[in-house]
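Containing mmCIF, C-alpha atoms and all ligand atoms: entry36.cif.
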data_model
#
loop_
_atom_site.label_atom_id
_atom_site.label_comp_id
_atom_site.auth_asym_id
_atom_site.auth_seq_id
_atom_site.Cartn_x
_atom_site.Cartn_y
_atom_site.Cartn_z
CA MET V 348 34.41 -18.40 -0.62
CA LEU V 349 33.76 -17.49 3.00
CA VAL V 350 30.38 -16.71 4.55
CA ILE V 351 30.54 -14.13 7.32
CA GLY V 352 27.55 -14.02 9.61
CA HIS V 353 26.39 -13.35 13.09
CA ASP V 354 24.36 -16.43 13.96
CA ASP V 355 22.96 -19.76 12.85
CA PHE V 356 21.21 -18.15 9.87
CA GLY V 357 24.56 -17.34 8.22
CA ARG V 358 26.08 -20.61 9.36
CA ARG V 359 23.29 -22.58 7.67
CA ILE V 360 23.78 -20.63 4.43
CA ALA V 361 27.50 -21.50 4.63
CA ASP V 362 26.67 -25.19 5.15
CA LEU V 363 24.30 -25.26 2.18
CA LEU V 364 26.94 -23.60 0.01
CA GLU V 365 29.63 -25.91 1.42
CA ALA V 366 31.61 -22.81 2.27
CA ASP V 367 33.58 -21.88 5.39
CA PHE V 368 31.96 -19.70 8.00
CA ALA V 369 33.42 -16.84 10.04
CA GLN V 370 31.52 -15.03 12.76
CA PHE V 371 31.11 -11.39 13.61
CA GLU V 372 29.76 -10.00 16.85
CA LYS V 373 27.35 -7.14 17.19
CA ARG V 374 28.23 -4.49 19.75
CA ILE V 375 26.55 -1.27 20.76
CA PHE V 376 28.44 1.18 22.93
CA PRO V 377 26.64 2.88 25.84
CA ASP V 378 26.19 6.03 23.76
CA GLY V 379 24.36 4.07 21.05
CA GLU V 380 27.16 3.82 18.50
CA VAL V 381 27.50 0.48 16.73
CA CYS V 382 30.85 -1.28 16.49
CA PRO V 383 30.65 -4.80 15.01
CA ARG V 384 33.75 -6.97 15.08
CA ILE V 385 34.78 -9.89 12.92
CA ILE V 386 35.98 -12.47 15.42
CA ASP V 387 37.24 -15.26 13.18
CA ASP V 388 40.08 -15.10 10.68
CA VAL V 389 39.24 -13.91 7.20
CA THR V 390 41.15 -16.32 5.04
CA GLU V 391 39.40 -15.86 1.70
CA SER V 392 39.12 -12.98 -0.69
CA ASN V 393 35.56 -13.68 -1.89
CA ILE V 394 33.11 -13.01 0.89
CA ILE V 395 29.38 -13.44 1.37
CA LEU V 396 28.32 -11.13 4.17
CA VAL V 397 25.04 -12.16 5.81
CA ASN V 398 23.52 -9.73 8.26
CA ARG V 399 19.96 -9.67 9.63
CA MET V 400 18.09 -6.99 11.50
CA SER V 401 16.16 -7.93 14.64
CA ILE V 402 13.23 -6.43 16.47
CA PRO V 403 12.72 -3.82 17.83
CA PRO V 404 13.72 -2.51 14.39
CA LYS V 405 16.70 -0.19 14.25
CA PRO V 406 17.27 0.13 10.50
CA ASN V 407 19.81 2.93 10.82
CA ASP V 408 22.02 0.99 13.25
CA TYR V 409 21.63 -2.13 11.16
CA TYR V 410 22.56 -0.39 7.93
CA LEU V 411 25.56 1.37 9.44
CA GLU V 412 26.68 -1.91 11.02
CA THR V 413 26.60 -3.53 7.57
CA ILE V 414 28.62 -0.71 6.04
CA LEU V 415 31.18 -0.81 8.87
CA LEU V 416 31.55 -4.57 8.49
CA MET V 417 32.22 -4.10 4.79
CA LYS V 418 34.86 -1.51 5.55
CA ALA V 419 36.46 -3.86 8.11
CA LEU V 420 36.49 -6.61 5.48
CA LYS V 421 38.11 -4.29 2.97
CA GLY V 422 40.77 -3.74 5.62
CA PHE V 423 41.57 -7.46 5.33
CA GLY V 424 42.15 -6.93 1.61
CA VAL V 425 39.16 -8.93 0.37
CA GLU V 426 38.34 -8.69 -3.32
CA SER V 427 34.59 -9.17 -3.49
CA ILE V 428 31.72 -8.83 -1.02
CA ASP V 429 28.29 -10.23 -1.83
CA VAL V 430 25.90 -8.60 0.61
CA VAL V 431 22.90 -10.61 1.83
CA MET V 432 20.42 -8.18 3.34
CA PRO V 433 17.35 -10.41 3.85
CA TYR V 434 15.15 -7.39 4.60
CA PHE V 435 16.08 -4.47 2.40
CA VAL V 436 15.92 -1.50 4.78
CA TYR V 437 14.52 1.70 3.28
CA SER V 438 13.07 -0.26 0.37
CA ARG V 439 9.66 1.25 0.88
CA GLN V 440 11.03 4.66 -0.08
CA ASP V 441 11.68 3.30 -3.55
CA LYS V 442 10.79 6.54 -5.27
CA VAL V 443 10.37 10.20 -4.44
CA PHE V 444 6.76 10.25 -3.27
CA ARG V 445 6.72 13.94 -2.35
CA LYS V 446 8.90 16.75 -3.56
CA GLY V 447 11.98 17.17 -1.37
CA GLU V 448 12.16 13.56 -0.21
CA PRO V 449 15.13 11.29 -0.99
CA HIS V 450 14.99 8.18 -3.16
CA SER V 451 16.30 6.23 -0.17
CA ALA V 452 16.21 2.67 -1.53
CA ARG V 453 18.40 3.68 -4.41
CA TYR V 454 20.89 5.50 -2.17
CA VAL V 455 21.14 2.51 0.17
CA LEU V 456 22.32 0.45 -2.79
CA ASP V 457 24.60 3.22 -4.06
CA LEU V 458 26.38 3.46 -0.72
CA LEU V 459 26.76 -0.32 -0.46
CA LYS V 460 28.34 -0.27 -3.90
CA HIS V 461 30.61 2.59 -2.84
CA CYS V 462 31.70 0.58 0.21
CA GLY V 463 32.70 -2.39 -1.91
CA ALA V 464 29.58 -4.51 -2.49
CA THR V 465 29.83 -6.60 -5.64
CA ARG V 466 26.33 -8.11 -5.55
CA PHE V 467 23.23 -7.60 -3.43
CA PHE V 468 20.81 -10.35 -2.39
CA THR V 469 17.51 -9.69 -0.70
CA VAL V 470 14.13 -11.34 -0.18
CA VAL V 471 10.81 -10.07 -1.60
CA SER V 472 11.78 -6.49 -1.81
CA HIS V 473 8.99 -4.18 -2.25
CA VAL V 474 7.19 -6.48 -4.58
CA ASN V 475 6.31 -5.00 -7.95
CA ARG V 476 8.86 -2.23 -7.89
CA ALA V 477 12.03 -4.28 -8.23
CA GLU V 478 12.99 -2.39 -11.40
CA ASP V 479 14.47 0.31 -9.20
CA MET V 480 16.98 -2.22 -7.99
CA ILE V 481 17.88 -3.27 -11.49
CA ASP V 482 18.56 0.38 -12.39
CA ALA V 483 21.07 0.72 -9.57
CA ASP V 484 24.69 0.24 -10.46
CA LEU V 485 24.94 -2.92 -8.34
CA PRO V 486 23.71 -6.35 -9.47
CA ALA V 487 20.73 -7.03 -7.20
CA TYR V 488 18.77 -10.25 -6.73
CA ASN V 489 15.26 -10.34 -5.33
CA ILE V 490 14.57 -13.79 -3.86
CA ASP V 491 11.10 -15.35 -3.64
CA GLY V 492 9.71 -15.92 -0.14
CA PHE V 493 6.01 -16.57 -0.66
CA SER V 494 6.49 -20.18 -1.74
CA ALA V 495 8.00 -20.81 1.72
CA ILE V 496 4.98 -19.12 3.33
CA GLY V 497 2.68 -21.27 1.15
CA ALA V 498 4.50 -24.45 2.21
CA TYR V 499 4.19 -23.46 5.88
CA LEU V 500 0.46 -22.75 5.56
CA LYS V 501 -0.09 -26.08 3.83
CA LYS V 502 1.05 -27.84 6.98
CA LEU V 503 -1.59 -26.13 9.10
CA ASP V 504 -4.90 -27.92 9.21
CA LEU V 505 -6.84 -25.06 7.63
CA LYS V 506 -10.56 -25.32 7.05
CA ASP V 507 -11.69 -24.27 3.57
CA PRO V 508 -9.43 -21.20 3.70
CA LEU V 509 -9.62 -17.98 1.70
CA VAL V 510 -6.35 -16.12 1.09
CA LEU V 511 -6.58 -12.35 1.39
CA GLY V 512 -3.83 -10.00 0.19
CA ALA V 513 -3.61 -7.16 2.72
CA ASP V 514 -2.86 -4.73 -0.09
CA LEU V 515 -3.39 -4.79 -3.88
CA SER V 516 0.38 -4.69 -4.36
CA VAL V 517 0.62 -8.21 -2.93
CA ASP V 518 -2.33 -9.56 -4.93
CA ILE V 519 -0.02 -11.58 -7.17
CA PHE V 520 1.50 -13.22 -4.07
CA ALA V 521 -1.91 -13.85 -2.50
CA GLN V 522 -2.80 -15.67 -5.72
CA LYS V 523 0.41 -17.66 -5.54
CA VAL V 524 -0.22 -18.72 -1.94
CA ALA V 525 -3.85 -19.55 -2.78
CA LYS V 526 -2.67 -21.70 -5.67
CA ALA V 527 -0.29 -23.59 -3.35
CA LEU V 528 -3.25 -24.26 -1.03
CA GLY V 529 -5.62 -25.01 -3.91
CA VAL V 530 -8.09 -22.30 -2.81
CA ASP V 531 -9.34 -18.84 -3.84
CA SER V 532 -7.91 -15.43 -3.10
CA ALA V 533 -8.98 -11.81 -2.88
CA SER V 534 -7.15 -8.58 -2.06
CA MET V 535 -7.81 -5.40 -0.13
CA GLU V 536 -7.43 -2.04 -1.78
CA LYS V 537 -5.53 0.27 0.52
CA SER V 538 -4.32 3.81 0.37
CA ARG V 539 -2.21 5.78 2.79
CA ASN V 540 -2.33 9.53 3.29
CA LEU V 541 1.28 10.57 2.71
CA ASP V 542 1.04 13.51 5.12
CA THR V 543 -0.65 11.84 8.07
CA GLY V 544 0.17 8.15 7.41
CA LYS V 545 -3.55 7.36 7.93
CA LEU V 546 -4.74 4.24 6.14
CA SER V 547 -8.01 3.77 4.36
CA THR V 548 -9.26 0.58 2.76
CA SER V 549 -11.94 -0.32 0.26
CA GLU V 550 -15.28 -1.70 1.37
CA ILE V 551 -15.06 -5.42 0.87
CA SER V 552 -17.12 -8.27 2.20
CA LEU V 553 -15.61 -11.72 2.24
CA ASP V 554 -17.37 -15.02 1.94
CA VAL V 555 -15.57 -16.55 4.91
CA GLU V 556 -18.27 -17.34 7.43
CA GLY V 557 -17.18 -20.56 9.15
CA ARG V 558 -14.02 -20.70 7.01
CA ASP V 559 -10.42 -19.92 7.92
CA LEU V 560 -8.94 -16.69 6.59
CA VAL V 561 -5.28 -16.40 5.65
CA ILE V 562 -4.05 -12.80 5.34
CA VAL V 563 -0.74 -12.28 3.54
CA ASP V 564 1.49 -9.26 3.11
CA ASP V 565 5.14 -8.61 2.34
CA ILE V 566 5.89 -6.44 5.38
CA ILE V 567 4.29 -5.98 8.78
CA SER V 568 5.65 -2.80 10.29
CA SER V 569 3.17 -0.76 12.36
CA GLY V 570 0.59 -3.51 11.79
CA GLY V 571 -1.96 -0.97 10.57
CA THR V 572 -2.44 -2.71 7.23
CA MET V 573 -2.84 -6.15 8.79
CA LEU V 574 -5.27 -4.85 11.41
CA LYS V 575 -7.52 -3.39 8.71
CA SER V 576 -7.71 -6.82 7.04
CA ILE V 577 -8.22 -8.56 10.39
CA GLU V 578 -11.13 -6.23 11.11
CA ILE V 579 -12.76 -7.17 7.78
CA GLY V 580 -12.14 -10.85 8.50
CA LYS V 581 -13.82 -10.56 11.87
CA GLN V 582 -16.77 -8.60 10.46
CA SER V 583 -17.15 -11.31 7.82
CA ARG V 584 -17.19 -13.95 10.58
CA ALA V 585 -14.09 -15.85 9.62
CA ARG V 586 -13.57 -18.98 11.74
CA ARG V 587 -9.87 -18.46 12.48
CA ILE V 588 -7.47 -15.83 11.13
CA VAL V 589 -3.86 -16.61 10.20
CA CYS V 590 -1.44 -13.84 9.19
CA GLY V 591 1.56 -14.72 7.03
CA ALA V 592 4.19 -12.17 6.02
CA ILE V 593 7.69 -12.18 4.66
CA HIS V 594 9.24 -9.49 6.87
CA GLY V 595 8.24 -9.14 10.52
CA VAL V 596 9.54 -5.62 11.12
CA PHE V 597 7.11 -5.23 14.04
CA SER V 598 7.51 -1.77 15.43
CA PRO V 599 7.19 -1.81 19.24
CA GLY V 600 3.89 -3.24 20.47
CA THR V 601 2.77 -4.48 17.04
CA LEU V 602 3.37 -8.20 17.45
CA GLU V 603 1.56 -8.22 20.81
CA LYS V 604 -1.40 -6.34 19.31
CA LEU V 605 -1.69 -8.70 16.36
CA THR V 606 -1.23 -11.84 18.45
CA GLN V 607 -4.22 -10.86 20.57
CA ASN V 608 -6.40 -10.58 17.49
CA VAL V 609 -5.58 -13.67 15.45
CA TRP V 610 -5.23 -17.40 15.80
CA LYS V 611 -1.72 -17.51 14.35
CA ILE V 612 0.89 -15.19 12.96
CA ALA V 613 4.01 -16.31 11.12
CA THR V 614 6.76 -14.57 9.21
CA THR V 615 9.93 -15.73 7.55
CA ASP V 616 13.24 -15.35 9.37
CA THR V 617 14.50 -12.41 7.27
CA ILE V 618 14.28 -10.43 10.53
CA ILE V 619 14.93 -11.99 13.94
CA ASN V 620 11.56 -11.96 15.71
CA PRO V 621 9.49 -14.40 17.81
CA ALA V 622 7.03 -15.10 14.94
CA ALA V 623 9.76 -16.09 12.46
CA GLU V 624 8.58 -19.66 11.94
CA VAL V 625 9.36 -19.96 8.24
CA SER V 626 12.98 -20.30 7.22
CA ILE V 627 14.19 -18.62 4.08
CA VAL V 628 17.75 -19.91 4.33
CA GLU V 629 17.39 -22.57 1.59
CA LYS V 630 15.91 -20.04 -0.86
CA ILE V 631 18.81 -17.66 -0.27
CA ALA V 632 21.43 -20.40 -0.64
CA GLU V 633 19.76 -21.71 -3.82
CA ARG V 634 19.90 -18.25 -5.41
CA ILE V 635 23.49 -17.62 -4.40
CA LYS V 636 24.44 -21.01 -5.86
CA VAL V 637 22.93 -20.09 -9.21
CA VAL V 638 24.36 -16.57 -9.34
CA ALA V 639 27.66 -16.70 -7.53
CA LEU V 640 29.09 -20.23 -7.59
C1 LIG U 701 2.93 -1.56 1.75
O1 LIG U 701 2.68 -1.22 0.63
C2 LIG U 701 3.33 -2.92 2.14
O2 LIG U 701 2.93 -3.89 1.23
C3 LIG U 701 2.78 -3.25 3.53
O3 LIG U 701 1.38 -3.40 3.44
C4 LIG U 701 3.10 -2.18 4.53
O4 LIG U 701 4.46 -1.88 4.48
C5 LIG U 701 2.71 -2.59 5.93
O5 LIG U 701 3.00 -1.54 6.81
P1 LIG U 701 2.22 -1.38 8.16
O6 LIG U 701 2.36 -2.64 8.93
O7 LIG U 701 2.92 -0.22 8.83
O8 LIG U 701 0.80 -1.04 7.84
#

Kindly present the structure from the file in structure tokens form.
Amino acid sequence: MLVIGHDDFGRRIADLLEADFAQFEKRIFPDGEVCPRIIDDVTESNIILVNRMSIPPKPNDYYLETILLMKALKGFGVESIDVVMPYFVYSRQDKVFRKGEPHSARYVLDLLKHCGATRFFTVVSHVNRAEDMIDADLPAYNIDGFSAIGAYLKKLDLKDPLVLGADLSVDIFAQKVAKALGVDSASMEKSRNLDTGKLSTSEISLDVEGRDLVIVDDIISSGGTMLKSIEIGKQSRARRIVCGAIHGVFSPGTLEKLTQNVWKIATTDTIINPAAEVSIVEKIAERIKVVAL
């Protein structure tokens, strides 16, 4: 087994699996086309391909890069390719929300399969809707990330914290993090206008005066969801606000905006970003060990 990756993230997965590591380089031509290149020799026929997106997010480039790498690997005659896509791009479009839209998450998996993927590993992919992945014709594994966020938060010297899920869909994870901290949790109710993208949230008042508030979510993209929760936390006079998320997608300007408004913000390293303080490498390696070794 050979792990192919771009950076230390892939190399650490290789070490934990006691597998060899080969590196690929990312290249973008002046006209914007991507052209990754596998630098090291590919000496094995069973490959684990580890590729991460970085900020500013360019999901299309990232996805195409992954596909092109798979095709290059096929050119070496490899037999199997397990794809590790720590942040599952397009996973939020996990159903047809409005007539005429594509079921993008499903098609992302279909195309990976078509290009030779044998298994698909990702981290906390759009929470409760993982069944869509199971339906796809590609074995897919959705790896837990909130226990790593819980462990990180435990190390902070938090004062009588309350854990708030930024959205009802992450309530179960807010409860999990709260349990790890031995405290209570609550969750916001949010809805998004599918035409305008405008967010609205339920009226909620939190009993956090003088206490720390920990806001958790799976994804921070535009930051709109987090900012709504931060606003409630401030109105409720929270002492300090900490944001913890799995995927720091951070569209341009978002991280700066959030940083100005909270005491701390941390994500896992599923996406390369300056707030990626929580490593998910061990969780990924553990799951691959169980499934693929
Ligand atoms: C949505 O259902 C997710 O759980 C996140 O709350 C959402 O993706 C965050 O997006 P944004 O940062 O753009 O509000």

Open item on the list: So that I can see what lies close to V:Ser538, please list as JSON, numbers by chain the residues with an atom at most 8 Å from it, counting only C-alpha atoms and leaving out residues fewer than 3 positions away in the same chain.
Closed with: {"V": [546, 547, 548]}

- [ ] Between atom CA of V:Ser569 and atom CA of V:Thr617, measure the distance and give it in Å to one decimal.
- [x] 17.0 Å

Open item on the list: For a quick check of understanding, using all atoms listed in the file, which of V:Ala419, V:Cys382, V:Ile567, V:Val589 has the smallest distance to V:Asn620?
Closed with: V:Ile567

- [ ] Report the distance between atom CA of V:Ile402 and atom CA of V:Tyr434 in Å, rounded to one decimal place.
- [x]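 Between these atoms lies a distance of 12.1 Å.
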
Task: Test item: residues no farther than 6 Å from ligand LIG 701 (chain U), counting all atoms listed in the file, as a ChimeraX atom specification - done: /V:514,564-572

- [ ] Pick out the residues sitting within 10 Å of V:Arg558, and hand them over as a list of chain:residue names; count only C-alpha atoms, and ignore anything fewer than 2 positions along from it in its own chain.
- [x]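 After dropping sequence-adjacent residues, the list is V:Leu505, V:Lys506, V:Asp507, V:Pro508, V:Leu509, V:Asp554, V:Val555, V:Glu556, V:Leu560, V:Val561, V:Ser583, V:Arg584, V:Ala585, V:Arg586, V:Arg587, V:Ile588.
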
Open item on the list: Applying 6 Å and only C-alpha atoms, which residues near V:Phe468 remain after dropping the ones on its own chain fewer than 4 positions away? List them as a PyMOL selection string.
Closed with: chain V and resi 431+487-488

- [ ] Work out how far apart atom CA of V:Ile394 and atom CA of V:Asp408 are and give it in Å to one decimal.
- [x]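 Answer for the atom CA of V:Ile394 to atom CA of V:Asp408 separation: 21.7 Å.
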
- [ ] Point out the residue among V:Leu396, V:Leu640, V:Val389, V:Ala464 with the least atom-to-atom distance to V:Arg358, counting all atoms listed in the file.
- [x] V:Leu396

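Ranking V:Gly529, V:Ser598, V:Asp504, V:Gly512 by their shortest atom-to-atom distance to V:Asp559, with only C-alpha atoms included, puts V:Asp504 first.
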
Task: Nearest candidate to V:Ser626 (options V:Leu416, V:Ala527, V:Ala613, V:Leu364; using only C-alpha atoms) - done: V:Ala613
